[in-house]
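Undergrad: Got a file for you: model25.cif, mmCIF, C-alpha atoms and all ligand atoms.
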```cif
data_data
#
loop_
_atom_site.label_atom_id
_atom_site.label_comp_id
_atom_site.auth_asym_id
_atom_site.auth_seq_id
_atom_site.Cartn_x
_atom_site.Cartn_y
_atom_site.Cartn_z
CA MET C 207 55.17 26.99 -38.62
CA THR C 208 58.75 28.17 -39.08
CA TYR C 209 60.72 27.97 -35.85
CA LEU C 210 63.87 30.08 -35.71
CA ASP C 211 64.35 30.49 -31.97
CA TYR C 212 66.66 27.59 -31.16
CA ALA C 213 68.60 29.63 -28.62
CA ALA C 214 65.43 29.91 -26.51
CA THR C 215 64.85 26.17 -26.61
CA SER C 216 65.14 23.37 -29.10
CA PRO C 217 62.71 20.56 -29.82
CA MET C 218 63.58 17.30 -28.07
CA ARG C 219 65.58 14.95 -30.26
CA GLN C 220 63.92 11.62 -31.03
CA CYS C 221 66.78 9.76 -29.31
CA ALA C 222 66.11 11.80 -26.13
CA ILE C 223 62.37 11.04 -26.27
CA ASP C 224 63.19 7.34 -26.71
CA ALA C 225 65.63 7.34 -23.76
CA TRP C 226 63.14 9.22 -21.61
CA ARG C 227 60.34 6.76 -22.44
CA GLU C 228 62.60 3.79 -21.77
CA HIS C 229 63.45 5.02 -18.27
CA ALA C 230 60.23 6.82 -17.32
CA GLY C 231 59.46 4.07 -14.80
CA ALA C 232 62.79 4.41 -12.95
CA LEU C 233 62.33 4.73 -9.19
CA ASN C 234 64.46 6.55 -6.60
CA PRO C 235 68.16 6.14 -7.54
CA GLY C 236 69.05 6.70 -3.87
CA SER C 237 67.18 3.62 -2.64
CA GLN C 238 69.22 0.58 -1.59
CA TYR C 239 66.91 -2.16 -2.84
CA ALA C 240 66.90 -3.65 -6.34
CA SER C 241 64.74 -1.06 -8.16
CA GLY C 242 66.80 1.75 -6.59
CA ARG C 243 70.04 0.11 -7.67
CA LYS C 244 68.62 -0.33 -11.16
CA ALA C 245 67.66 3.35 -11.36
CA ASN C 246 71.06 4.32 -10.01
CA ALA C 247 72.81 2.24 -12.67
CA VAL C 248 70.97 4.20 -15.39
CA LEU C 249 71.83 7.47 -13.67
CA GLN C 250 75.50 6.58 -13.36
CA GLU C 251 75.66 5.55 -16.99
CA ALA C 252 74.21 8.92 -18.00
CA ARG C 253 76.70 10.65 -15.70
CA GLU C 254 79.63 8.74 -17.20
CA GLN C 255 78.54 9.46 -20.75
CA ILE C 256 78.08 13.19 -20.09
CA ALA C 257 81.44 13.34 -18.28
CA GLU C 258 83.22 11.75 -21.22
CA LEU C 259 81.54 14.02 -23.76
CA LEU C 260 82.47 17.16 -21.81
CA GLY C 261 86.00 16.24 -20.70
CA ALA C 262 85.10 15.84 -17.03
CA ASP C 263 85.20 13.03 -14.47
CA PRO C 264 81.86 11.38 -13.65
CA VAL C 265 82.06 12.63 -10.05
CA GLU C 266 82.23 16.19 -11.40
CA VAL C 267 78.81 15.91 -13.09
CA VAL C 268 76.03 17.34 -10.92
CA PHE C 269 72.45 17.14 -12.23
CA THR C 270 70.32 20.20 -11.48
CA GLY C 271 66.79 21.35 -12.31
CA SER C 272 67.84 23.90 -14.96
CA GLY C 273 70.69 25.93 -16.39
CA THR C 274 69.48 28.74 -14.16
CA GLU C 275 69.95 26.58 -11.07
CA ALA C 276 73.40 25.41 -12.22
CA ASN C 277 74.42 29.06 -12.63
CA ASN C 278 73.09 30.03 -9.21
CA ILE C 279 75.02 27.21 -7.57
CA GLY C 280 78.18 28.02 -9.51
CA VAL C 281 78.23 31.74 -8.73
CA ARG C 282 76.68 31.91 -5.27
CA GLY C 283 78.02 28.54 -4.15
CA LEU C 284 81.63 29.29 -5.10
CA TYR C 285 81.40 32.71 -3.45
CA ALA C 286 80.11 31.11 -0.23
CA ALA C 287 82.82 28.43 -0.38
CA SER C 288 85.59 31.02 -0.79
CA ARG C 289 84.25 33.10 2.08
CA ALA C 290 83.87 30.06 4.33
CA ARG C 291 87.36 28.76 3.50
CA ALA C 292 89.28 31.93 4.13
CA GLY C 293 87.08 33.42 6.87
CA ASP C 294 87.22 37.15 7.43
CA ALA C 295 90.45 37.44 5.48
CA ALA C 296 88.69 36.38 2.26
CA PRO C 297 88.20 38.96 -0.44
CA ASN C 298 84.56 39.86 -0.97
CA ARG C 299 85.29 40.67 -4.60
CA VAL C 300 83.23 39.24 -7.46
CA VAL C 301 84.22 39.62 -11.11
CA ALA C 302 81.46 39.31 -13.71
CA SER C 303 80.71 40.53 -17.22
CA THR C 304 77.93 43.03 -17.91
CA ILE C 305 76.45 40.79 -20.64
CA GLU C 306 75.67 37.73 -18.52
CA HIS C 307 72.31 35.97 -18.72
CA PRO C 308 69.92 37.01 -15.91
CA ALA C 309 70.58 33.65 -14.19
CA VAL C 310 74.14 34.83 -13.52
CA LEU C 311 73.52 38.57 -13.42
CA GLU C 312 70.86 38.31 -10.73
CA SER C 313 73.05 35.90 -8.74
CA VAL C 314 75.84 38.49 -8.82
CA ARG C 315 73.42 41.27 -7.88
CA ALA C 316 72.20 39.19 -4.93
CA LEU C 317 75.80 38.87 -3.74
CA GLU C 318 76.29 42.60 -4.24
CA ALA C 319 73.18 43.35 -2.18
CA ALA C 320 74.67 41.17 0.56
CA GLY C 321 77.92 43.14 0.62
CA ALA C 322 80.08 41.85 -2.24
CA ASP C 323 82.19 44.27 -4.20
CA VAL C 324 81.61 43.66 -7.93
CA ALA C 325 84.17 44.42 -10.64
CA TRP C 326 82.49 44.40 -14.05
CA LEU C 327 84.01 43.19 -17.31
CA SER C 328 82.66 45.37 -20.10
CA ALA C 329 81.93 44.44 -23.71
CA GLY C 330 82.39 46.22 -27.02
CA ARG C 331 79.98 46.77 -29.91
CA ASP C 332 80.97 43.40 -31.33
CA GLY C 333 79.61 41.73 -28.18
CA HIS C 334 82.98 40.51 -26.92
CA VAL C 335 84.36 41.27 -23.47
CA THR C 336 87.19 43.70 -24.06
CA ASP C 337 89.35 43.81 -20.96
CA LEU C 338 90.06 40.98 -18.53
CA THR C 339 92.27 43.06 -16.19
CA PRO C 340 89.84 42.80 -13.23
CA LEU C 341 90.71 39.08 -13.17
CA ASP C 342 94.31 39.94 -12.23
CA THR C 343 93.25 40.79 -8.66
CA PRO C 344 92.12 37.92 -6.37
CA ALA C 345 88.37 37.48 -5.97
CA ALA C 346 86.00 35.13 -4.14
CA VAL C 347 84.49 34.16 -7.50
CA ALA C 348 84.68 35.24 -11.12
CA THR C 349 82.13 34.41 -13.79
CA LEU C 350 82.16 34.70 -17.57
CA MET C 351 79.73 33.21 -20.07
CA TRP C 352 81.20 31.11 -22.89
CA ALA C 353 78.82 32.54 -25.50
CA ASN C 354 76.19 35.22 -25.23
CA ASN C 355 72.60 34.15 -25.73
CA GLU C 356 71.60 37.36 -27.57
CA SER C 357 74.51 38.27 -29.84
CA GLY C 358 76.02 34.79 -29.99
CA ALA C 359 79.48 36.27 -29.32
CA ILE C 360 81.99 33.75 -27.98
CA GLN C 361 83.94 35.08 -25.01
CA PRO C 362 87.62 34.57 -24.14
CA VAL C 363 86.92 31.96 -21.46
CA GLN C 364 90.23 30.13 -21.85
CA GLU C 365 92.20 33.29 -21.15
CA ALA C 366 89.83 34.15 -18.30
CA ALA C 367 90.39 30.71 -16.75
CA GLU C 368 94.17 31.13 -16.91
CA ARG C 369 94.13 34.63 -15.44
CA ALA C 370 91.70 33.64 -12.65
CA ALA C 371 93.76 30.53 -11.82
CA ALA C 372 96.92 32.63 -11.53
CA HIS C 373 95.28 34.35 -8.54
CA HIS C 374 93.50 31.26 -7.15
CA THR C 375 90.15 32.80 -8.03
CA PRO C 376 87.47 30.14 -8.70
CA LEU C 377 85.88 30.69 -12.12
CA HIS C 378 82.32 29.82 -13.10
CA VAL C 379 81.52 29.55 -16.83
CA ASP C 380 77.95 29.71 -18.14
CA ALA C 381 78.22 27.39 -21.14
CA VAL C 382 74.47 26.98 -21.64
CA GLN C 383 74.57 28.24 -25.26
CA VAL C 384 77.74 26.32 -26.12
CA VAL C 385 77.32 22.75 -24.89
CA GLY C 386 76.12 20.60 -27.78
CA LYS C 387 77.19 23.19 -30.36
CA LEU C 388 80.93 23.55 -29.88
CA PRO C 389 83.49 21.15 -28.35
CA VAL C 390 83.76 21.52 -24.57
CA ASP C 391 86.65 20.08 -22.55
CA PHE C 392 86.14 20.97 -18.89
CA HIS C 393 89.57 19.83 -17.75
CA ALA C 394 91.40 21.58 -20.58
CA LEU C 395 89.46 24.79 -19.88
CA GLY C 396 90.43 24.76 -16.21
CA ALA C 397 87.27 26.46 -14.91
CA THR C 398 86.05 25.54 -11.43
CA THR C 399 82.40 25.10 -12.40
CA LEU C 400 80.51 25.11 -15.71
CA ALA C 401 76.76 25.26 -16.37
CA ALA C 402 74.82 23.57 -19.19
CA SER C 403 71.14 23.11 -19.96
CA ALA C 404 69.67 20.03 -21.67
CA HIS C 405 66.86 21.78 -23.54
CA LYS C 406 69.31 23.87 -25.54
CA PHE C 407 70.72 20.80 -27.30
CA GLY C 408 67.62 18.69 -27.79
CA GLY C 409 67.30 17.23 -24.31
CA PRO C 410 64.37 17.71 -21.94
CA ARG C 411 63.47 21.08 -20.44
CA GLY C 412 63.98 21.26 -16.68
CA THR C 413 67.34 19.48 -16.59
CA GLY C 414 70.61 21.29 -16.04
CA ILE C 415 74.16 20.14 -15.58
CA LEU C 416 76.77 21.67 -13.32
CA LEU C 417 80.31 20.44 -13.83
CA ALA C 418 82.06 21.02 -10.52
CA LYS C 419 85.69 20.28 -9.76
CA ARG C 420 86.31 18.28 -6.61
CA SER C 421 87.96 21.29 -5.01
CA PRO C 422 87.05 24.01 -4.45
CA ALA C 423 83.47 22.73 -4.58
CA PRO C 424 80.56 25.18 -4.45
CA GLN C 425 78.43 25.26 -1.34
CA PRO C 426 74.81 24.26 -1.93
CA VAL C 427 72.20 26.91 -2.58
CA ILE C 428 69.40 24.66 -1.32
CA VAL C 429 69.86 22.05 1.38
CA GLY C 430 68.26 18.67 1.84
CA GLY C 431 69.10 14.99 1.48
CA GLY C 432 72.63 15.51 0.21
CA GLN C 433 72.27 14.01 -3.28
CA GLU C 434 74.74 14.99 -6.00
CA ARG C 435 77.72 15.36 -3.61
CA GLY C 436 75.57 17.54 -1.37
CA ILE C 437 75.85 20.25 -4.03
CA ARG C 438 72.29 19.80 -5.26
CA SER C 439 69.91 18.02 -2.93
CA GLY C 440 66.74 16.47 -4.31
CA THR C 441 65.87 13.16 -5.96
CA VAL C 442 67.41 13.10 -9.43
CA ASP C 443 65.08 12.56 -12.40
CA VAL C 444 66.69 9.46 -13.90
CA ALA C 445 64.67 9.48 -17.15
CA SER C 446 65.66 13.09 -17.85
CA ALA C 447 69.31 12.37 -17.06
CA ALA C 448 69.28 9.47 -19.55
CA ALA C 449 67.54 11.65 -22.16
CA THR C 450 70.10 14.42 -21.61
CA ALA C 451 72.99 12.01 -22.16
CA ALA C 452 71.38 10.65 -25.34
CA ALA C 453 70.78 14.15 -26.73
CA LEU C 454 74.32 15.29 -25.94
CA ALA C 455 75.82 12.17 -27.50
CA GLU C 456 73.92 12.75 -30.74
CA ALA C 457 74.62 16.49 -30.79
CA THR C 458 78.32 15.78 -30.31
CA ARG C 459 78.41 13.12 -33.01
CA GLU C 460 76.78 15.47 -35.52
CA MET C 461 78.50 18.61 -34.28
CA GLU C 462 81.15 19.24 -36.92
CA GLN C 463 79.00 18.62 -39.97
CA GLU C 464 75.85 20.17 -38.53
CA GLN C 465 77.45 23.37 -37.29
CA THR C 466 79.13 23.93 -40.68
CA ARG C 467 75.76 23.47 -42.40
CA ILE C 468 74.04 25.87 -39.99
CA ALA C 469 76.78 28.51 -40.25
CA THR C 470 76.54 28.46 -44.06
CA LEU C 471 72.76 28.97 -43.92
CA ARG C 472 73.17 31.71 -41.31
CA ASP C 473 75.88 33.61 -43.23
CA ASP C 474 73.88 33.59 -46.43
CA PHE C 475 70.76 34.71 -44.57
CA ALA C 476 72.54 37.50 -42.67
CA ASN C 477 74.16 38.88 -45.84
CA ARG C 478 70.82 38.97 -47.63
CA VAL C 479 69.18 40.79 -44.69
CA LEU C 480 71.95 43.41 -44.70
CA ARG C 481 71.51 43.92 -48.45
CA GLN C 482 67.72 44.09 -48.41
CA ILE C 483 66.86 46.09 -45.29
CA PRO C 484 68.02 49.70 -44.97
CA ALA C 485 70.14 50.56 -41.91
CA ALA C 486 70.15 46.98 -40.61
CA VAL C 487 72.98 46.19 -38.21
CA LEU C 488 74.27 42.67 -37.59
CA THR C 489 75.66 42.66 -34.06
CA THR C 490 76.79 39.03 -34.31
CA GLN C 491 80.51 39.19 -34.98
CA GLU C 492 83.08 36.39 -35.07
CA PRO C 493 83.99 34.49 -33.05
CA ALA C 494 80.32 33.65 -32.62
CA LEU C 495 77.96 30.71 -32.36
CA PRO C 496 77.24 29.22 -35.81
CA GLY C 497 73.44 29.47 -35.55
CA HIS C 498 73.10 33.03 -34.25
CA ALA C 499 72.13 36.13 -36.22
CA HIS C 500 71.24 39.09 -34.02
CA PHE C 501 70.11 42.25 -35.80
CA LEU C 502 69.25 45.79 -34.86
CA PHE C 503 66.73 47.61 -37.03
CA PRO C 504 66.91 51.16 -35.67
CA GLY C 505 63.53 52.79 -35.24
CA ALA C 506 61.60 49.53 -35.44
CA ASN C 507 59.31 48.38 -32.66
CA ALA C 508 60.60 44.98 -31.49
CA ASP C 509 57.27 43.68 -30.20
CA ALA C 510 55.58 44.66 -33.47
CA MET C 511 58.21 42.70 -35.44
CA ILE C 512 57.69 39.59 -33.32
CA MET C 513 53.90 39.80 -33.58
CA LEU C 514 53.83 40.51 -37.32
CA LEU C 515 56.17 37.58 -37.98
CA ASP C 516 54.15 35.36 -35.64
CA SER C 517 51.00 36.18 -37.60
CA ARG C 518 52.84 34.94 -40.71
CA GLY C 519 53.80 31.68 -38.98
CA ILE C 520 57.41 32.61 -38.16
CA GLU C 521 58.73 32.33 -34.62
CA VAL C 522 61.74 34.43 -33.64
CA SER C 523 62.55 36.57 -30.62
CA THR C 524 64.15 39.82 -29.56
CA GLY C 525 66.59 37.76 -27.52
CA SER C 526 66.06 39.61 -24.28
CA ALA C 527 63.77 38.96 -21.37
CA CYS C 528 60.26 40.23 -21.61
CA ALA C 529 57.98 41.08 -18.74
CA ALA C 530 54.24 40.67 -19.27
CA GLY C 531 54.76 40.41 -23.03
CA VAL C 532 56.45 43.80 -23.36
CA THR C 533 60.08 43.76 -24.42
CA ARG C 534 62.44 45.96 -22.47
CA PHE C 535 65.60 47.44 -23.95
CA SER C 536 68.10 44.63 -23.62
CA HIS C 537 70.78 44.99 -20.95
CA VAL C 538 73.15 43.14 -23.31
CA VAL C 539 72.61 45.52 -26.24
CA GLU C 540 72.95 48.45 -23.83
CA ALA C 541 76.16 46.98 -22.38
CA MET C 542 77.52 46.68 -25.94
CA GLY C 543 77.25 50.47 -26.17
CA TYR C 544 74.09 50.99 -28.22
CA THR C 545 71.57 53.69 -27.31
CA GLU C 546 67.92 52.79 -27.00
CA ALA C 547 67.24 54.53 -30.32
CA GLU C 548 69.89 52.37 -32.03
CA GLY C 549 69.22 49.13 -30.20
CA GLY C 550 65.49 49.13 -29.48
CA GLY C 551 64.57 47.19 -32.62
CA ALA C 552 66.44 44.00 -31.86
CA LEU C 553 65.67 40.71 -33.55
CA ARG C 554 67.39 37.42 -32.78
CA VAL C 555 67.21 34.65 -35.34
CA THR C 556 68.71 31.36 -34.18
CA LEU C 557 69.03 28.32 -36.41
CA GLY C 558 69.27 24.72 -35.27
CA GLU C 559 69.01 21.06 -36.07
CA GLY C 560 65.69 21.25 -37.92
CA THR C 561 66.42 24.44 -39.89
CA VAL C 562 66.44 24.18 -43.70
CA GLN C 563 66.96 26.72 -46.49
CA GLY C 564 63.20 27.11 -46.92
CA ASP C 565 62.87 28.42 -43.34
CA VAL C 566 65.30 31.29 -43.77
CA ASP C 567 63.93 32.01 -47.26
CA LYS C 568 60.43 32.33 -45.81
CA LEU C 569 61.67 34.77 -43.17
CA LEU C 570 63.54 36.79 -45.79
CA LEU C 571 60.42 37.07 -47.88
CA GLU C 572 58.48 38.64 -45.00
CA LEU C 573 61.15 40.59 -43.12
CA PRO C 574 61.56 43.75 -45.26
CA GLU C 575 57.83 44.50 -45.09
CA VAL C 576 57.65 43.60 -41.38
CA VAL C 577 60.54 45.93 -40.52
CA ARG C 578 58.91 48.71 -42.58
CA ARG C 579 55.67 48.34 -40.67
CA ALA C 580 57.44 48.06 -37.32
CA ARG C 581 59.29 51.28 -38.15
CA ASP C 582 55.94 52.97 -38.77
CA VAL C 583 54.93 51.90 -35.25
CA GLY C 584 58.24 53.29 -33.97
CA LEU C 585 59.80 52.88 -30.58
CA LEU C 586 56.80 54.46 -28.77
N1 LIG C 601 72.38 30.93 -19.46
C1 LIG C 601 72.22 31.22 -20.76
C2 LIG C 601 73.36 31.83 -21.52
C3 LIG C 601 70.99 30.96 -21.39
O1 LIG C 601 70.84 31.27 -22.68
C4 LIG C 601 69.94 30.39 -20.63
C5 LIG C 601 68.61 30.14 -21.24
O2 LIG C 601 68.09 30.95 -21.98
C6 LIG C 601 70.16 30.09 -19.28
C7 LIG C 601 71.40 30.36 -18.75
C8 LIG C 601 69.09 29.46 -18.43
O3 LIG C 601 68.92 28.11 -18.72
P1 LIG C 601 67.55 27.36 -18.29
O4 LIG C 601 66.51 27.77 -19.28
O5 LIG C 601 67.86 25.90 -18.38
O6 LIG C 601 67.24 27.76 -16.90
#
```
Take the structure in the file and write it out as structure tokens.
TA:
Amino acid sequence: MTYLDYAATSPMRQCAIDAWREHAGALNPGSQYASGRKANAVLQEAREQIAELLGADPVEVVFTGSGTEANNIGVRGLYAASRARAGDAAPNRVVASTIEHPAVLESVRALEAAGADVAWLSAGRDGHVTDLTPLDTPAAVATLMWANNESGAIQPVQEAAERAAAHHTPLHVDAVQVVGKLPVDFHALGATTLAASAHKFGGPRGTGILLAKRSPAPQPVIVGGGQERGIRSGTVDVASAAATAAALAEATREMEQEQTRIATLRDDFANRVLRQIPAAVLTTQEPALPGHAHFLFPGANADAMIMLLDSRGIEVSTGSACAAGVTRFSHVVEAMGYTEAEGGGALRVTLGEGTVQGDVDKLLLELPEVVRRARDVGLL
């Protein structure tokens, strides 16, 4: 099997499996007796290691159940904190980009349904947000993803953080696709909260990280026993926290060399696709994640491409959410300005740690024929 969908999830690194196994027996880190203190020591070590790797203080590391949860807390929790702090005088404005992952987009839509006034940051055909002007007016919360999960386009988060800070607007950054692939320094960035997800960099699925400044801190989205500074109640999974720290440490150690290797493979692959397949469009434009290649094959049926490749042992995706196995036209591709006729045949190929030349060669061997057949099926 040839796996080329690393942006969806990545296999657990051996070091993460080892760390998880070592601490699988850890008990409740909130308990006061010896086994609780022992579990807590492992948890704090993981917290310290993650903090150091991401340029944060240990107290700013909040473990969550997923990247989705970290994003919900960041967006909805900061909005609630702003509104609570400033009372009726608080702006009910939210600034968000149109290309956010559903975890953020649906959080913003929930705020909108509850009365928030949303100013949208739009993106161009190259996948990059074009105009940050809405950040120059105070808002209860602003949110911008660091890199897009479909196109791989890296967004101007540093500039966004500076412009938001100039108006005391708390900024949430969805860095789920970036952490473990590019250097992240939370303090240097100056965002208020930042979301990451362990399974994107070889950690366990079901573990997220929210970096949250001491102040303003997001209000919780769920309430309970007050763990994790009261920001995310619930008993923390110590083994997963240790595995996450191990995976992030290894990903960071290998980052420079590995990302150069992956980018070289990706560039060569993308150029060959553009040469071999008529009317192919590469939407991934620099600055972009090193492992991403997102294509549009106008007139091709996306589901047919995925299924035909699957039947040949190659696993890739369209990059956008699918409901009941049927791909919908991606809101990201649409927000980039493509019509459904242009952007319906989307294919996302994402390379990662285990990818070798033979994997992309195998895909290249099959792809021209697969696109031809998927074009015969058409957009339906
Ligand atoms: N944000 C982005 C940009 C993502 O790519 C993803 C996962 O696909 C998420 C958030 C959600 O992360 P999780 O799968 O940990 O809930």
Undergrad: If you count all atoms listed in the file, which residues end up within 6 Å of ligand LIG 601 (chain C), as an mmCIF file with C-alpha atoms, keeping the file's coordinate frame?
TA:
```cif
data_model
loop_
_atom_site.group_PDB
_atom_site.id
_atom_site.type_symbol
_atom_site.label_atom_id
_atom_site.label_comp_id
_atom_site.auth_asym_id
_atom_site.auth_seq_id
_atom_site.Cartn_x
_atom_site.Cartn_y
_atom_site.Cartn_z
ATOM 1 C CA ALA C 214 65.430 29.910 -26.510
ATOM 2 C CA SER C 272 67.840 23.900 -14.960
ATOM 3 C CA GLY C 273 70.690 25.930 -16.390
ATOM 4 C CA THR C 274 69.480 28.740 -14.160
ATOM 5 C CA HIS C 307 72.310 35.970 -18.720
ATOM 6 C CA ALA C 309 70.580 33.650 -14.190
ATOM 7 C CA ASN C 354 76.190 35.220 -25.230
ATOM 8 C CA ASN C 355 72.600 34.150 -25.730
ATOM 9 C CA ASP C 380 77.950 29.710 -18.140
ATOM 10 C CA VAL C 382 74.470 26.980 -21.640
ATOM 11 C CA GLN C 383 74.570 28.240 -25.260
ATOM 12 C CA SER C 403 71.140 23.110 -19.960
ATOM 13 C CA GLY C 414 70.610 21.290 -16.040
#
```
Undergrad: Using all atoms listed in the file, pick whichever of C:Ser523, C:Ser517, C:Gln250, C:Ser328 has the shortest atom-to-atom distance to C:Phe501.
TA: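 Of C:Ser523, C:Ser517, C:Gln250, C:Ser328, the one nearest C:Phe501 is C:Ser523, counting all atoms listed in the file.
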Undergrad: What lies within 12 Å of C:Ala541 using all atoms listed in the file, ignoring chain neighbours under 2 positions off, as a PyMOL selection string?
TA: chain C and resi 303-306+326-336+356-357+535-539+543-546+549
Undergrad: Any idea what the distance is between atom CA of C:Ser421 and atom CA of C:Ala322?
TA: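 Between atom CA of C:Ser421 and atom CA of C:Ala322 the gap works out to 22.2 Å.
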Undergrad: May I ask which of the residues C:Ala486, C:Leu377, C:Val583, C:Ile279 is the closest one to C:Ile437, counting all atoms listed in the file?
TA: C:Ile279
Undergrad: Kindly extract all protein, DNA and RNA residues lying within 7 Å of the coordinates (91.1, 39.3, -15.1) given in the file, considering all atoms listed in the file, and supply them as a PyMOL selection string.
TA: chain C and resi 338-343+366+369-370
